[in-house]
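Below is query-v2.cif, holding mmCIF, N, CA, C and O atoms.
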```cif
data_coords
loop_
_atom_site.label_atom_id
_atom_site.label_comp_id
_atom_site.auth_asym_id
_atom_site.auth_seq_id
_atom_site.Cartn_x
_atom_site.Cartn_y
_atom_site.Cartn_z
N MET A 1 -5.18 -16.21 4.03
CA MET A 1 -4.16 -15.25 3.66
C MET A 1 -3.92 -14.32 4.83
O MET A 1 -4.78 -14.16 5.68
N LYS A 2 -2.76 -13.72 4.78
CA LYS A 2 -2.37 -12.84 5.89
C LYS A 2 -1.27 -11.90 5.41
O LYS A 2 -0.58 -12.19 4.45
N LEU A 3 -1.12 -10.78 6.09
CA LEU A 3 -0.06 -9.83 5.79
C LEU A 3 1.28 -10.47 6.12
O LEU A 3 1.43 -11.09 7.17
N GLU A 4 2.24 -10.34 5.22
CA GLU A 4 3.59 -10.87 5.47
C GLU A 4 4.14 -10.24 6.75
O GLU A 4 3.96 -9.04 7.00
N ASP A 5 4.81 -11.05 7.56
CA ASP A 5 5.35 -10.57 8.83
C ASP A 5 6.38 -9.45 8.66
O ASP A 5 6.60 -8.66 9.57
N GLU A 6 7.02 -9.39 7.49
CA GLU A 6 8.05 -8.38 7.25
C GLU A 6 7.49 -6.98 7.04
O GLU A 6 8.24 -6.02 6.96
N PHE A 7 6.17 -6.87 6.91
CA PHE A 7 5.56 -5.55 6.73
C PHE A 7 5.09 -5.01 8.08
O PHE A 7 4.40 -5.69 8.82
N ILE A 8 5.48 -3.79 8.36
CA ILE A 8 5.17 -3.13 9.63
C ILE A 8 4.22 -1.97 9.34
O ILE A 8 4.45 -1.20 8.41
N THR A 9 3.18 -1.86 10.15
CA THR A 9 2.23 -0.76 9.97
C THR A 9 2.28 0.19 11.16
O THR A 9 2.65 -0.20 12.26
N HIS A 10 1.91 1.44 10.89
CA HIS A 10 1.86 2.46 11.93
C HIS A 10 0.72 3.41 11.62
O HIS A 10 0.56 3.85 10.47
N GLU A 11 -0.09 3.71 12.62
CA GLU A 11 -1.18 4.69 12.47
C GLU A 11 -0.64 6.06 12.86
O GLU A 11 -0.10 6.23 13.95
N THR A 12 -0.81 7.04 11.99
CA THR A 12 -0.37 8.39 12.29
C THR A 12 -1.43 9.10 13.13
O THR A 12 -2.56 8.64 13.24
N ASP A 13 -1.06 10.24 13.69
CA ASP A 13 -2.01 11.04 14.48
C ASP A 13 -3.18 11.51 13.62
O ASP A 13 -4.26 11.73 14.13
N GLY A 14 -2.94 11.65 12.32
CA GLY A 14 -3.98 12.11 11.42
C GLY A 14 -4.91 11.02 10.94
O GLY A 14 -5.77 11.25 10.09
N GLY A 15 -4.74 9.79 11.42
CA GLY A 15 -5.63 8.70 11.03
C GLY A 15 -5.19 7.93 9.81
O GLY A 15 -5.88 7.03 9.35
N GLU A 16 -4.06 8.29 9.25
CA GLU A 16 -3.53 7.59 8.08
C GLU A 16 -2.68 6.41 8.55
O GLU A 16 -2.03 6.47 9.58
N GLN A 17 -2.70 5.35 7.77
CA GLN A 17 -1.85 4.20 8.09
C GLN A 17 -0.67 4.19 7.13
O GLN A 17 -0.83 4.39 5.93
N ILE A 18 0.51 3.95 7.69
CA ILE A 18 1.73 3.84 6.89
C ILE A 18 2.26 2.43 7.06
O ILE A 18 2.28 1.90 8.17
N MET A 19 2.69 1.83 5.94
CA MET A 19 3.23 0.48 5.99
C MET A 19 4.58 0.47 5.29
O MET A 19 4.73 1.06 4.21
N VAL A 20 5.56 -0.16 5.91
CA VAL A 20 6.90 -0.29 5.33
C VAL A 20 7.33 -1.75 5.41
O VAL A 20 6.86 -2.51 6.25
N ALA A 21 8.23 -2.11 4.51
CA ALA A 21 8.78 -3.47 4.51
C ALA A 21 10.09 -3.48 5.26
O ALA A 21 10.92 -2.60 5.09
N ALA A 22 10.26 -4.47 6.10
CA ALA A 22 11.51 -4.67 6.83
C ALA A 22 11.94 -6.10 6.55
O ALA A 22 11.11 -6.97 6.32
N GLY A 23 13.20 -6.36 6.56
CA GLY A 23 13.66 -7.72 6.31
C GLY A 23 14.01 -7.93 4.86
O GLY A 23 14.48 -7.03 4.18
N GLU A 24 13.73 -9.12 4.36
CA GLU A 24 14.22 -9.52 3.04
C GLU A 24 13.15 -9.45 1.96
O GLU A 24 13.17 -10.23 1.02
N ILE A 25 12.24 -8.54 2.08
CA ILE A 25 11.22 -8.31 1.05
C ILE A 25 11.83 -7.44 -0.04
O ILE A 25 12.59 -6.52 0.23
N HIS A 26 11.47 -7.73 -1.29
CA HIS A 26 12.03 -6.97 -2.42
C HIS A 26 11.18 -5.74 -2.75
O HIS A 26 11.04 -5.37 -3.90
N PHE A 27 10.64 -5.12 -1.74
CA PHE A 27 9.88 -3.89 -1.91
C PHE A 27 10.55 -2.81 -1.07
O PHE A 27 10.70 -2.96 0.14
N ALA A 28 10.96 -1.77 -1.73
CA ALA A 28 11.58 -0.65 -1.02
C ALA A 28 10.67 0.56 -1.20
O ALA A 28 10.61 1.13 -2.27
N GLY A 29 9.95 0.88 -0.18
CA GLY A 29 9.05 2.01 -0.29
C GLY A 29 8.16 2.11 0.91
O GLY A 29 8.31 1.40 1.91
N LEU A 30 7.21 2.99 0.78
CA LEU A 30 6.27 3.31 1.85
C LEU A 30 4.87 3.23 1.26
O LEU A 30 4.63 3.72 0.16
N VAL A 31 3.96 2.58 1.96
CA VAL A 31 2.58 2.48 1.51
C VAL A 31 1.72 3.31 2.45
O VAL A 31 1.74 3.09 3.66
N ARG A 32 0.99 4.25 1.89
CA ARG A 32 0.09 5.08 2.69
C ARG A 32 -1.34 4.64 2.39
O ARG A 32 -1.71 4.51 1.23
N SER A 33 -2.12 4.40 3.43
CA SER A 33 -3.48 3.87 3.25
C SER A 33 -4.52 4.82 3.83
O SER A 33 -4.32 5.38 4.90
N ASN A 34 -5.64 4.93 3.10
CA ASN A 34 -6.77 5.67 3.66
C ASN A 34 -7.49 4.77 4.66
O ASN A 34 -7.07 3.64 4.91
N GLU A 35 -8.58 5.23 5.21
CA GLU A 35 -9.26 4.51 6.29
C GLU A 35 -9.73 3.12 5.87
O GLU A 35 -9.53 2.14 6.58
N SER A 36 -10.35 3.01 4.69
CA SER A 36 -10.87 1.70 4.29
C SER A 36 -9.74 0.74 3.92
O SER A 36 -9.80 -0.45 4.24
N ALA A 37 -8.70 1.22 3.27
CA ALA A 37 -7.55 0.36 2.95
C ALA A 37 -6.85 -0.08 4.24
O ALA A 37 -6.42 -1.23 4.37
N ALA A 38 -6.75 0.82 5.21
CA ALA A 38 -6.15 0.48 6.50
C ALA A 38 -6.98 -0.58 7.21
O ALA A 38 -6.43 -1.48 7.85
N PHE A 39 -8.31 -0.51 7.09
CA PHE A 39 -9.19 -1.51 7.68
C PHE A 39 -8.88 -2.89 7.10
O PHE A 39 -8.78 -3.88 7.83
N ILE A 40 -8.68 -2.94 5.79
CA ILE A 40 -8.36 -4.21 5.12
C ILE A 40 -7.01 -4.73 5.60
O ILE A 40 -6.87 -5.90 5.93
N VAL A 41 -6.02 -3.86 5.66
CA VAL A 41 -4.69 -4.25 6.13
C VAL A 41 -4.76 -4.77 7.56
O VAL A 41 -4.15 -5.78 7.90
N ASN A 42 -5.53 -4.10 8.41
CA ASN A 42 -5.67 -4.55 9.80
C ASN A 42 -6.33 -5.92 9.87
O ASN A 42 -5.97 -6.74 10.72
N CYS A 43 -7.29 -6.19 9.01
CA CYS A 43 -7.90 -7.52 8.95
C CYS A 43 -6.86 -8.57 8.59
O CYS A 43 -6.91 -9.71 9.06
N LEU A 44 -5.90 -8.19 7.76
CA LEU A 44 -4.88 -9.12 7.28
C LEU A 44 -3.76 -9.38 8.29
O LEU A 44 -2.86 -10.17 8.02
N LYS A 45 -3.82 -8.75 9.43
CA LYS A 45 -2.79 -8.99 10.45
C LYS A 45 -2.95 -10.37 11.09
O LYS A 45 -2.03 -10.85 11.75
N THR A 46 -4.11 -10.97 10.90
CA THR A 46 -4.32 -12.36 11.31
C THR A 46 -4.83 -13.12 10.09
O THR A 46 -5.33 -12.51 9.13
N GLU A 47 -4.72 -14.42 10.13
CA GLU A 47 -5.17 -15.25 9.01
C GLU A 47 -6.65 -14.98 8.74
O GLU A 47 -7.47 -14.98 9.67
N THR A 48 -7.00 -14.74 7.47
CA THR A 48 -8.38 -14.41 7.11
C THR A 48 -8.64 -14.79 5.66
O THR A 48 -7.75 -15.29 4.96
N THR A 49 -9.84 -14.54 5.22
CA THR A 49 -10.22 -14.78 3.83
C THR A 49 -10.77 -13.49 3.24
O THR A 49 -11.18 -12.58 3.98
N LYS A 50 -10.83 -13.45 1.92
CA LYS A 50 -11.41 -12.29 1.25
C LYS A 50 -12.87 -12.11 1.69
O LYS A 50 -13.30 -10.99 1.96
N GLU A 51 -13.61 -13.21 1.79
CA GLU A 51 -15.01 -13.15 2.18
C GLU A 51 -15.17 -12.60 3.60
O GLU A 51 -16.09 -11.81 3.86
N ALA A 52 -14.29 -12.99 4.50
CA ALA A 52 -14.36 -12.48 5.88
C ALA A 52 -14.09 -10.97 5.92
O ALA A 52 -14.73 -10.24 6.68
N ILE A 53 -13.15 -10.52 5.10
CA ILE A 53 -12.86 -9.08 5.04
C ILE A 53 -14.07 -8.32 4.50
O ILE A 53 -14.46 -7.28 5.03
N ILE A 54 -14.68 -8.84 3.44
CA ILE A 54 -15.86 -8.20 2.85
C ILE A 54 -16.98 -8.13 3.89
O ILE A 54 -17.61 -7.08 4.05
N ASN A 55 -17.20 -9.21 4.63
CA ASN A 55 -18.25 -9.21 5.66
C ASN A 55 -17.95 -8.21 6.76
O ASN A 55 -18.85 -7.51 7.23
N ALA A 56 -16.70 -8.14 7.18
CA ALA A 56 -16.31 -7.19 8.23
C ALA A 56 -16.52 -5.74 7.76
O ALA A 56 -17.01 -4.90 8.51
N MET A 57 -16.16 -5.49 6.50
CA MET A 57 -16.34 -4.13 5.97
C MET A 57 -17.82 -3.79 5.82
O MET A 57 -18.22 -2.65 6.09
N ALA A 58 -18.62 -4.76 5.41
CA ALA A 58 -20.06 -4.53 5.25
C ALA A 58 -20.71 -4.18 6.58
O ALA A 58 -21.67 -3.41 6.63
N SER A 59 -20.16 -4.73 7.67
CA SER A 59 -20.69 -4.42 9.00
C SER A 59 -20.31 -3.01 9.45
O SER A 59 -21.00 -2.41 10.24
N LYS A 60 -19.18 -2.52 8.93
CA LYS A 60 -18.67 -1.22 9.38
C LYS A 60 -19.09 -0.06 8.46
O LYS A 60 -19.36 1.03 8.94
N TYR A 61 -19.10 -0.30 7.16
CA TYR A 61 -19.32 0.79 6.19
C TYR A 61 -20.69 0.67 5.54
O TYR A 61 -21.18 -0.43 5.28
N ASP A 62 -21.27 1.81 5.24
CA ASP A 62 -22.57 1.88 4.57
C ASP A 62 -22.33 1.92 3.06
O ASP A 62 -22.34 2.99 2.45
N ALA A 63 -22.10 0.74 2.48
CA ALA A 63 -21.88 0.62 1.04
C ALA A 63 -22.40 -0.73 0.60
O ALA A 63 -22.53 -1.65 1.41
N SER A 64 -22.68 -0.86 -0.68
CA SER A 64 -23.18 -2.14 -1.18
C SER A 64 -22.06 -3.18 -1.14
O SER A 64 -20.87 -2.85 -1.22
N GLU A 65 -22.46 -4.43 -1.04
CA GLU A 65 -21.47 -5.50 -0.99
C GLU A 65 -20.66 -5.57 -2.29
O GLU A 65 -19.48 -5.90 -2.26
N ASP A 66 -21.28 -5.23 -3.41
CA ASP A 66 -20.55 -5.23 -4.69
C ASP A 66 -19.42 -4.21 -4.68
O ASP A 66 -18.31 -4.51 -5.12
N ILE A 67 -19.70 -3.02 -4.19
CA ILE A 67 -18.67 -1.97 -4.12
C ILE A 67 -17.57 -2.38 -3.15
O ILE A 67 -16.37 -2.25 -3.45
N ILE A 68 -17.96 -2.91 -2.01
CA ILE A 68 -16.97 -3.36 -1.02
C ILE A 68 -16.11 -4.46 -1.61
O ILE A 68 -14.88 -4.43 -1.47
N ALA A 69 -16.72 -5.43 -2.28
CA ALA A 69 -15.96 -6.55 -2.87
C ALA A 69 -14.94 -6.05 -3.88
O ALA A 69 -13.80 -6.52 -3.92
N LYS A 70 -15.33 -5.07 -4.71
CA LYS A 70 -14.41 -4.51 -5.70
C LYS A 70 -13.25 -3.79 -5.01
O LYS A 70 -12.10 -3.91 -5.42
N ASP A 71 -13.55 -3.03 -3.96
CA ASP A 71 -12.50 -2.33 -3.22
C ASP A 71 -11.54 -3.31 -2.56
O ASP A 71 -10.32 -3.12 -2.61
N VAL A 72 -12.08 -4.36 -1.95
CA VAL A 72 -11.24 -5.36 -1.30
C VAL A 72 -10.34 -6.03 -2.34
O VAL A 72 -9.13 -6.17 -2.12
N GLU A 73 -10.90 -6.41 -3.46
CA GLU A 73 -10.10 -7.06 -4.51
C GLU A 73 -9.00 -6.13 -5.03
O GLU A 73 -7.87 -6.56 -5.27
N ARG A 74 -9.31 -4.86 -5.17
CA ARG A 74 -8.31 -3.88 -5.65
C ARG A 74 -7.17 -3.75 -4.65
O ARG A 74 -6.00 -3.81 -5.03
N ILE A 75 -7.49 -3.62 -3.37
CA ILE A 75 -6.45 -3.49 -2.35
C ILE A 75 -5.63 -4.77 -2.24
O ILE A 75 -4.40 -4.73 -2.14
N LEU A 76 -6.30 -5.93 -2.27
CA LEU A 76 -5.57 -7.20 -2.22
C LEU A 76 -4.62 -7.32 -3.41
O LEU A 76 -3.49 -7.78 -3.27
N GLY A 77 -5.07 -6.88 -4.58
CA GLY A 77 -4.21 -6.90 -5.78
C GLY A 77 -2.99 -6.03 -5.61
O GLY A 77 -1.87 -6.41 -5.99
N GLN A 78 -3.18 -4.85 -5.03
CA GLN A 78 -2.05 -3.95 -4.80
C GLN A 78 -1.08 -4.56 -3.79
O GLN A 78 0.14 -4.47 -3.96
N LEU A 79 -1.60 -5.18 -2.73
CA LEU A 79 -0.74 -5.81 -1.73
C LEU A 79 0.01 -6.99 -2.33
O LEU A 79 1.19 -7.20 -2.04
N ARG A 80 -0.67 -7.76 -3.19
CA ARG A 80 0.01 -8.88 -3.87
C ARG A 80 1.16 -8.37 -4.73
O ARG A 80 2.23 -8.97 -4.77
N SER A 81 0.93 -7.27 -5.42
CA SER A 81 1.93 -6.75 -6.35
C SER A 81 3.23 -6.32 -5.67
O SER A 81 4.28 -6.28 -6.30
N ILE A 82 3.16 -6.02 -4.37
CA ILE A 82 4.38 -5.64 -3.65
C ILE A 82 4.89 -6.75 -2.75
O ILE A 82 5.82 -6.56 -1.97
N GLY A 83 4.24 -7.91 -2.82
CA GLY A 83 4.68 -9.05 -2.02
C GLY A 83 4.27 -8.98 -0.57
O GLY A 83 4.92 -9.58 0.29
N ALA A 84 3.18 -8.27 -0.28
CA ALA A 84 2.78 -8.08 1.12
C ALA A 84 1.83 -9.15 1.64
O ALA A 84 1.50 -9.15 2.81
N LEU A 85 1.36 -10.06 0.77
CA LEU A 85 0.43 -11.09 1.21
C LEU A 85 1.09 -12.44 1.29
O LEU A 85 1.81 -12.86 0.39
N ASP A 86 0.82 -13.15 2.37
CA ASP A 86 1.25 -14.53 2.56
C ASP A 86 0.03 -15.39 2.27
O ASP A 86 -0.89 -15.45 3.08
N GLU A 87 0.01 -16.00 1.08
CA GLU A 87 -1.18 -16.78 0.69
C GLU A 87 -0.87 -18.26 0.65
O GLU A 87 0.10 -18.73 0.32
#
```
Take the structure in this file and express it as structure tokens.
Amino acid sequence: MKLEDEFITHETDGGEQIMVAAGEIHFAGLVRSNESAAFIVNCLKTETTKEAIINAMASKYDASEDIIAKDVERILGQLRSIGALDE
């Protein structure tokens, strides 16, 4: 899976990530991400798997794998709901 090419991300000076849809996506809006959600989105800029994202997050963040897996699934679900994932 990977982030749809029509979605553009930008890191603000404050460390927040903003994502917008460009092109023919049926999502009109702005997505603001905190640090961990932005990490997931950045992983999705290249072809990856849910398991690879969980492993990458486990290497970076001090949290249990169960908590990380739930967070990854929640963010992936939100991205699916707006058509941001190419699966």
Do a neighbour search on range 41-47 of chain A at 5 Å with only N, CA, C and O atoms, toss out local chain neighbours closer than 2 positions, and write the hits as a PyMOL selection string. chain A and resi 1-3+37-39+49
Let me make sure I understand: among A:Leu85, A:Ile75, A:Ile25, A:Ile40, which one has the smallest atom-to-atom distance to Ala58 in chain A if we use only C-alpha atoms?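 Of A:Leu85, A:Ile75, A:Ile25, A:Ile40, the one nearest Ala58 in chain A, counting only C-alpha atoms, is A:Ile40.
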Evaluate the PyMOL selection byres (((chain A and resi 15-21 and name CA) around 7) and name CA) and report residues as a PDB file with N, CA, C and O atoms, in the coordinates of the input:
```pdb
ATOM      1  N   GLU A   6       7.020  -9.390   7.490  1.00  0.00           N
ATOM      2  CA  GLU A   6       8.050  -8.380   7.250  1.00  0.00           C
ATOM      3  C   GLU A   6       7.490  -6.980   7.040  1.00  0.00           C
ATOM      4  O   GLU A   6       8.240  -6.020   6.960  1.00  0.00           O
ATOM      5  N   PHE A   7       6.170  -6.870   6.910  1.00  0.00           N
ATOM      6  CA  PHE A   7       5.560  -5.550   6.730  1.00  0.00           C
ATOM      7  C   PHE A   7       5.090  -5.010   8.080  1.00  0.00           C
ATOM      8  O   PHE A   7       4.400  -5.690   8.820  1.00  0.00           O
ATOM      9  N   ILE A   8       5.480  -3.790   8.360  1.00  0.00           N
ATOM     10  CA  ILE A   8       5.170  -3.130   9.630  1.00  0.00           C
ATOM     11  C   ILE A   8       4.220  -1.970   9.340  1.00  0.00           C
ATOM     12  O   ILE A   8       4.450  -1.200   8.410  1.00  0.00           O
ATOM     13  N   THR A   9       3.180  -1.860  10.150  1.00  0.00           N
ATOM     14  CA  THR A   9       2.230  -0.760   9.970  1.00  0.00           C
ATOM     15  C   THR A   9       2.280   0.190  11.160  1.00  0.00           C
ATOM     16  O   THR A   9       2.650  -0.200  12.260  1.00  0.00           O
ATOM     17  N   HIS A  10       1.910   1.440  10.890  1.00  0.00           N
ATOM     18  CA  HIS A  10       1.860   2.460  11.930  1.00  0.00           C
ATOM     19  C   HIS A  10       0.720   3.410  11.620  1.00  0.00           C
ATOM     20  O   HIS A  10       0.560   3.850  10.470  1.00  0.00           O
ATOM     21  N   GLU A  11      -0.090   3.710  12.620  1.00  0.00           N
ATOM     22  CA  GLU A  11      -1.180   4.690  12.470  1.00  0.00           C
ATOM     23  C   GLU A  11      -0.640   6.060  12.860  1.00  0.00           C
ATOM     24  O   GLU A  11      -0.100   6.230  13.950  1.00  0.00           O
ATOM     25  N   THR A  12      -0.810   7.040  11.990  1.00  0.00           N
ATOM     26  CA  THR A  12      -0.370   8.390  12.290  1.00  0.00           C
ATOM     27  C   THR A  12      -1.430   9.100  13.130  1.00  0.00           C
ATOM     28  O   THR A  12      -2.560   8.640  13.240  1.00  0.00           O
ATOM     29  N   ASP A  13      -1.060  10.240  13.690  1.00  0.00           N
ATOM     30  CA  ASP A  13      -2.010  11.040  14.480  1.00  0.00           C
ATOM     31  C   ASP A  13      -3.180  11.510  13.620  1.00  0.00           C
ATOM     32  O   ASP A  13      -4.260  11.730  14.130  1.00  0.00           O
ATOM     33  N   GLY A  14      -2.940  11.650  12.320  1.00  0.00           N
ATOM     34  CA  GLY A  14      -3.980  12.110  11.420  1.00  0.00           C
ATOM     35  C   GLY A  14      -4.910  11.020  10.940  1.00  0.00           C
ATOM     36  O   GLY A  14      -5.770  11.250  10.090  1.00  0.00           O
ATOM     37  N   ALA A  22      10.260  -4.470   6.100  1.00  0.00           N
ATOM     38  CA  ALA A  22      11.510  -4.670   6.830  1.00  0.00           C
ATOM     39  C   ALA A  22      11.940  -6.100   6.550  1.00  0.00           C
ATOM     40  O   ALA A  22      11.110  -6.970   6.320  1.00  0.00           O
ATOM     41  N   GLY A  23      13.200  -6.360   6.560  1.00  0.00           N
ATOM     42  CA  GLY A  23      13.660  -7.720   6.310  1.00  0.00           C
ATOM     43  C   GLY A  23      14.010  -7.930   4.860  1.00  0.00           C
ATOM     44  O   GLY A  23      14.480  -7.030   4.180  1.00  0.00           O
ATOM     45  N   ILE A  25      12.240  -8.540   2.080  1.00  0.00           N
ATOM     46  CA  ILE A  25      11.220  -8.310   1.050  1.00  0.00           C
ATOM     47  C   ILE A  25      11.830  -7.440  -0.040  1.00  0.00           C
ATOM     48  O   ILE A  25      12.590  -6.520   0.230  1.00  0.00           O
ATOM     49  N   PHE A  27      10.640  -5.120  -1.740  1.00  0.00           N
ATOM     50  CA  PHE A  27       9.880  -3.890  -1.910  1.00  0.00           C
ATOM     51  C   PHE A  27      10.550  -2.810  -1.070  1.00  0.00           C
ATOM     52  O   PHE A  27      10.700  -2.960   0.140  1.00  0.00           O
ATOM     53  N   ALA A  28      10.960  -1.770  -1.730  1.00  0.00           N
ATOM     54  CA  ALA A  28      11.580  -0.650  -1.020  1.00  0.00           C
ATOM     55  C   ALA A  28      10.670   0.560  -1.200  1.00  0.00           C
ATOM     56  O   ALA A  28      10.610   1.130  -2.270  1.00  0.00           O
ATOM     57  N   GLY A  29       9.950   0.880  -0.180  1.00  0.00           N
ATOM     58  CA  GLY A  29       9.050   2.010  -0.290  1.00  0.00           C
ATOM     59  C   GLY A  29       8.160   2.110   0.910  1.00  0.00           C
ATOM     60  O   GLY A  29       8.310   1.400   1.910  1.00  0.00           O
ATOM     61  N   LEU A  30       7.210   2.990   0.780  1.00  0.00           N
ATOM     62  CA  LEU A  30       6.270   3.310   1.850  1.00  0.00           C
ATOM     63  C   LEU A  30       4.870   3.230   1.260  1.00  0.00           C
ATOM     64  O   LEU A  30       4.630   3.720   0.160  1.00  0.00           O
ATOM     65  N   VAL A  31       3.960   2.580   1.960  1.00  0.00           N
ATOM     66  CA  VAL A  31       2.580   2.480   1.510  1.00  0.00           C
ATOM     67  C   VAL A  31       1.720   3.310   2.450  1.00  0.00           C
ATOM     68  O   VAL A  31       1.740   3.090   3.660  1.00  0.00           O
ATOM     69  N   ARG A  32       0.990   4.250   1.890  1.00  0.00           N
ATOM     70  CA  ARG A  32       0.090   5.080   2.690  1.00  0.00           C
ATOM     71  C   ARG A  32      -1.340   4.640   2.390  1.00  0.00           C
ATOM     72  O   ARG A  32      -1.710   4.510   1.230  1.00  0.00           O
ATOM     73  N   SER A  33      -2.120   4.400   3.430  1.00  0.00           N
ATOM     74  CA  SER A  33      -3.480   3.870   3.250  1.00  0.00           C
ATOM     75  C   SER A  33      -4.520   4.820   3.830  1.00  0.00           C
ATOM     76  O   SER A  33      -4.320   5.380   4.900  1.00  0.00           O
ATOM     77  N   ASN A  34      -5.640   4.930   3.100  1.00  0.00           N
ATOM     78  CA  ASN A  34      -6.770   5.670   3.660  1.00  0.00           C
ATOM     79  C   ASN A  34      -7.490   4.770   4.660  1.00  0.00           C
ATOM     80  O   ASN A  34      -7.070   3.640   4.910  1.00  0.00           O
ATOM     81  N   GLU A  35      -8.580   5.230   5.210  1.00  0.00           N
ATOM     82  CA  GLU A  35      -9.260   4.510   6.290  1.00  0.00           C
ATOM     83  C   GLU A  35      -9.730   3.120   5.870  1.00  0.00           C
ATOM     84  O   GLU A  35      -9.530   2.140   6.580  1.00  0.00           O
ATOM     85  N   ALA A  38      -6.750   0.820   5.210  1.00  0.00           N
ATOM     86  CA  ALA A  38      -6.150   0.480   6.500  1.00  0.00           C
ATOM     87  C   ALA A  38      -6.980  -0.580   7.210  1.00  0.00           C
ATOM     88  O   ALA A  38      -6.430  -1.480   7.850  1.00  0.00           O
TER      89      ALA A  38
END
```
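With CA of Lys50 in chain A on one side and CA of Val72 in chain A on the other, the separation reads 7.4 Å.
Atom pair atom N of Ala56 in chain A / atom C of Glu87 in chain A has a distance of 19.9 Å (rounded to one decimal).
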Could you write out, as a ChimeraX atom specification, all the residues of chain A that DSSP marks as alpha helix (DSSP H)? /A:35-43,50-60,65-81
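What separates atom O of Arg80 in chain A from atom N of Asp66 in chain A is a distance of 23.8 Å.
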Of the candidates A:Glu24, A:Arg74, A:Ile82, A:Ile68, which shows the shortest atom-to-atom distance to Asn55 in chain A, using only C-alpha atoms?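 When distances to Asn55 in chain A are compared using only C-alpha atoms, the smallest one comes from A:Ile68.
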Here is a test: counting only C-alpha atoms, which residue of A:Ile67, A:Asp86, A:His26, A:Asp5 is nearest to Thr48 in chain A? A:Asp86
Among range 1-86 of chain A, which ones does DSSP assign to strand (DSSP E or B) (computed from the backbone)? Answer as JSON, numbers by chain. {"A": [2, 3, 7, 8, 9, 10, 11, 17, 18, 19, 20, 21, 30, 31, 32, 33, 85, 86]}
Given the selection you just returned, output its residues as a file containing N, CA, C and O atoms, formatted as an mmCIF file, in the frame of the given file.
```cif
data_model
loop_
_atom_site.group_PDB
_atom_site.id
_atom_site.type_symbol
_atom_site.label_atom_id
_atom_site.label_comp_id
_atom_site.auth_asym_id
_atom_site.auth_seq_id
_atom_site.Cartn_x
_atom_site.Cartn_y
_atom_site.Cartn_z
ATOM 1 N N LYS A 2 -2.760 -13.720 4.780
ATOM 2 C CA LYS A 2 -2.370 -12.840 5.890
ATOM 3 C C LYS A 2 -1.270 -11.900 5.410
ATOM 4 O O LYS A 2 -0.580 -12.190 4.450
ATOM 5 N N LEU A 3 -1.120 -10.780 6.090
ATOM 6 C CA LEU A 3 -0.060 -9.830 5.790
ATOM 7 C C LEU A 3 1.280 -10.470 6.120
ATOM 8 O O LEU A 3 1.430 -11.090 7.170
ATOM 9 N N PHE A 7 6.170 -6.870 6.910
ATOM 10 C CA PHE A 7 5.560 -5.550 6.730
ATOM 11 C C PHE A 7 5.090 -5.010 8.080
ATOM 12 O O PHE A 7 4.400 -5.690 8.820
ATOM 13 N N ILE A 8 5.480 -3.790 8.360
ATOM 14 C CA ILE A 8 5.170 -3.130 9.630
ATOM 15 C C ILE A 8 4.220 -1.970 9.340
ATOM 16 O O ILE A 8 4.450 -1.200 8.410
ATOM 17 N N THR A 9 3.180 -1.860 10.150
ATOM 18 C CA THR A 9 2.230 -0.760 9.970
ATOM 19 C C THR A 9 2.280 0.190 11.160
ATOM 20 O O THR A 9 2.650 -0.200 12.260
ATOM 21 N N HIS A 10 1.910 1.440 10.890
ATOM 22 C CA HIS A 10 1.860 2.460 11.930
ATOM 23 C C HIS A 10 0.720 3.410 11.620
ATOM 24 O O HIS A 10 0.560 3.850 10.470
ATOM 25 N N GLU A 11 -0.090 3.710 12.620
ATOM 26 C CA GLU A 11 -1.180 4.690 12.470
ATOM 27 C C GLU A 11 -0.640 6.060 12.860
ATOM 28 O O GLU A 11 -0.100 6.230 13.950
ATOM 29 N N GLN A 17 -2.700 5.350 7.770
ATOM 30 C CA GLN A 17 -1.850 4.200 8.090
ATOM 31 C C GLN A 17 -0.670 4.190 7.130
ATOM 32 O O GLN A 17 -0.830 4.390 5.930
ATOM 33 N N ILE A 18 0.510 3.950 7.690
ATOM 34 C CA ILE A 18 1.730 3.840 6.890
ATOM 35 C C ILE A 18 2.260 2.430 7.060
ATOM 36 O O ILE A 18 2.280 1.900 8.170
ATOM 37 N N MET A 19 2.690 1.830 5.940
ATOM 38 C CA MET A 19 3.230 0.480 5.990
ATOM 39 C C MET A 19 4.580 0.470 5.290
ATOM 40 O O MET A 19 4.730 1.060 4.210
ATOM 41 N N VAL A 20 5.560 -0.160 5.910
ATOM 42 C CA VAL A 20 6.900 -0.290 5.330
ATOM 43 C C VAL A 20 7.330 -1.750 5.410
ATOM 44 O O VAL A 20 6.860 -2.510 6.250
ATOM 45 N N ALA A 21 8.230 -2.110 4.510
ATOM 46 C CA ALA A 21 8.780 -3.470 4.510
ATOM 47 C C ALA A 21 10.090 -3.480 5.260
ATOM 48 O O ALA A 21 10.920 -2.600 5.090
ATOM 49 N N LEU A 30 7.210 2.990 0.780
ATOM 50 C CA LEU A 30 6.270 3.310 1.850
ATOM 51 C C LEU A 30 4.870 3.230 1.260
ATOM 52 O O LEU A 30 4.630 3.720 0.160
ATOM 53 N N VAL A 31 3.960 2.580 1.960
ATOM 54 C CA VAL A 31 2.580 2.480 1.510
ATOM 55 C C VAL A 31 1.720 3.310 2.450
ATOM 56 O O VAL A 31 1.740 3.090 3.660
ATOM 57 N N ARG A 32 0.990 4.250 1.890
ATOM 58 C CA ARG A 32 0.090 5.080 2.690
ATOM 59 C C ARG A 32 -1.340 4.640 2.390
ATOM 60 O O ARG A 32 -1.710 4.510 1.230
ATOM 61 N N SER A 33 -2.120 4.400 3.430
ATOM 62 C CA SER A 33 -3.480 3.870 3.250
ATOM 63 C C SER A 33 -4.520 4.820 3.830
ATOM 64 O O SER A 33 -4.320 5.380 4.900
ATOM 65 N N LEU A 85 1.360 -10.060 0.770
ATOM 66 C CA LEU A 85 0.430 -11.090 1.210
ATOM 67 C C LEU A 85 1.090 -12.440 1.290
ATOM 68 O O LEU A 85 1.810 -12.860 0.390
ATOM 69 N N ASP A 86 0.820 -13.150 2.370
ATOM 70 C CA ASP A 86 1.250 -14.530 2.560
ATOM 71 C C ASP A 86 0.030 -15.390 2.270
ATOM 72 O O ASP A 86 -0.890 -15.450 3.080
#
```
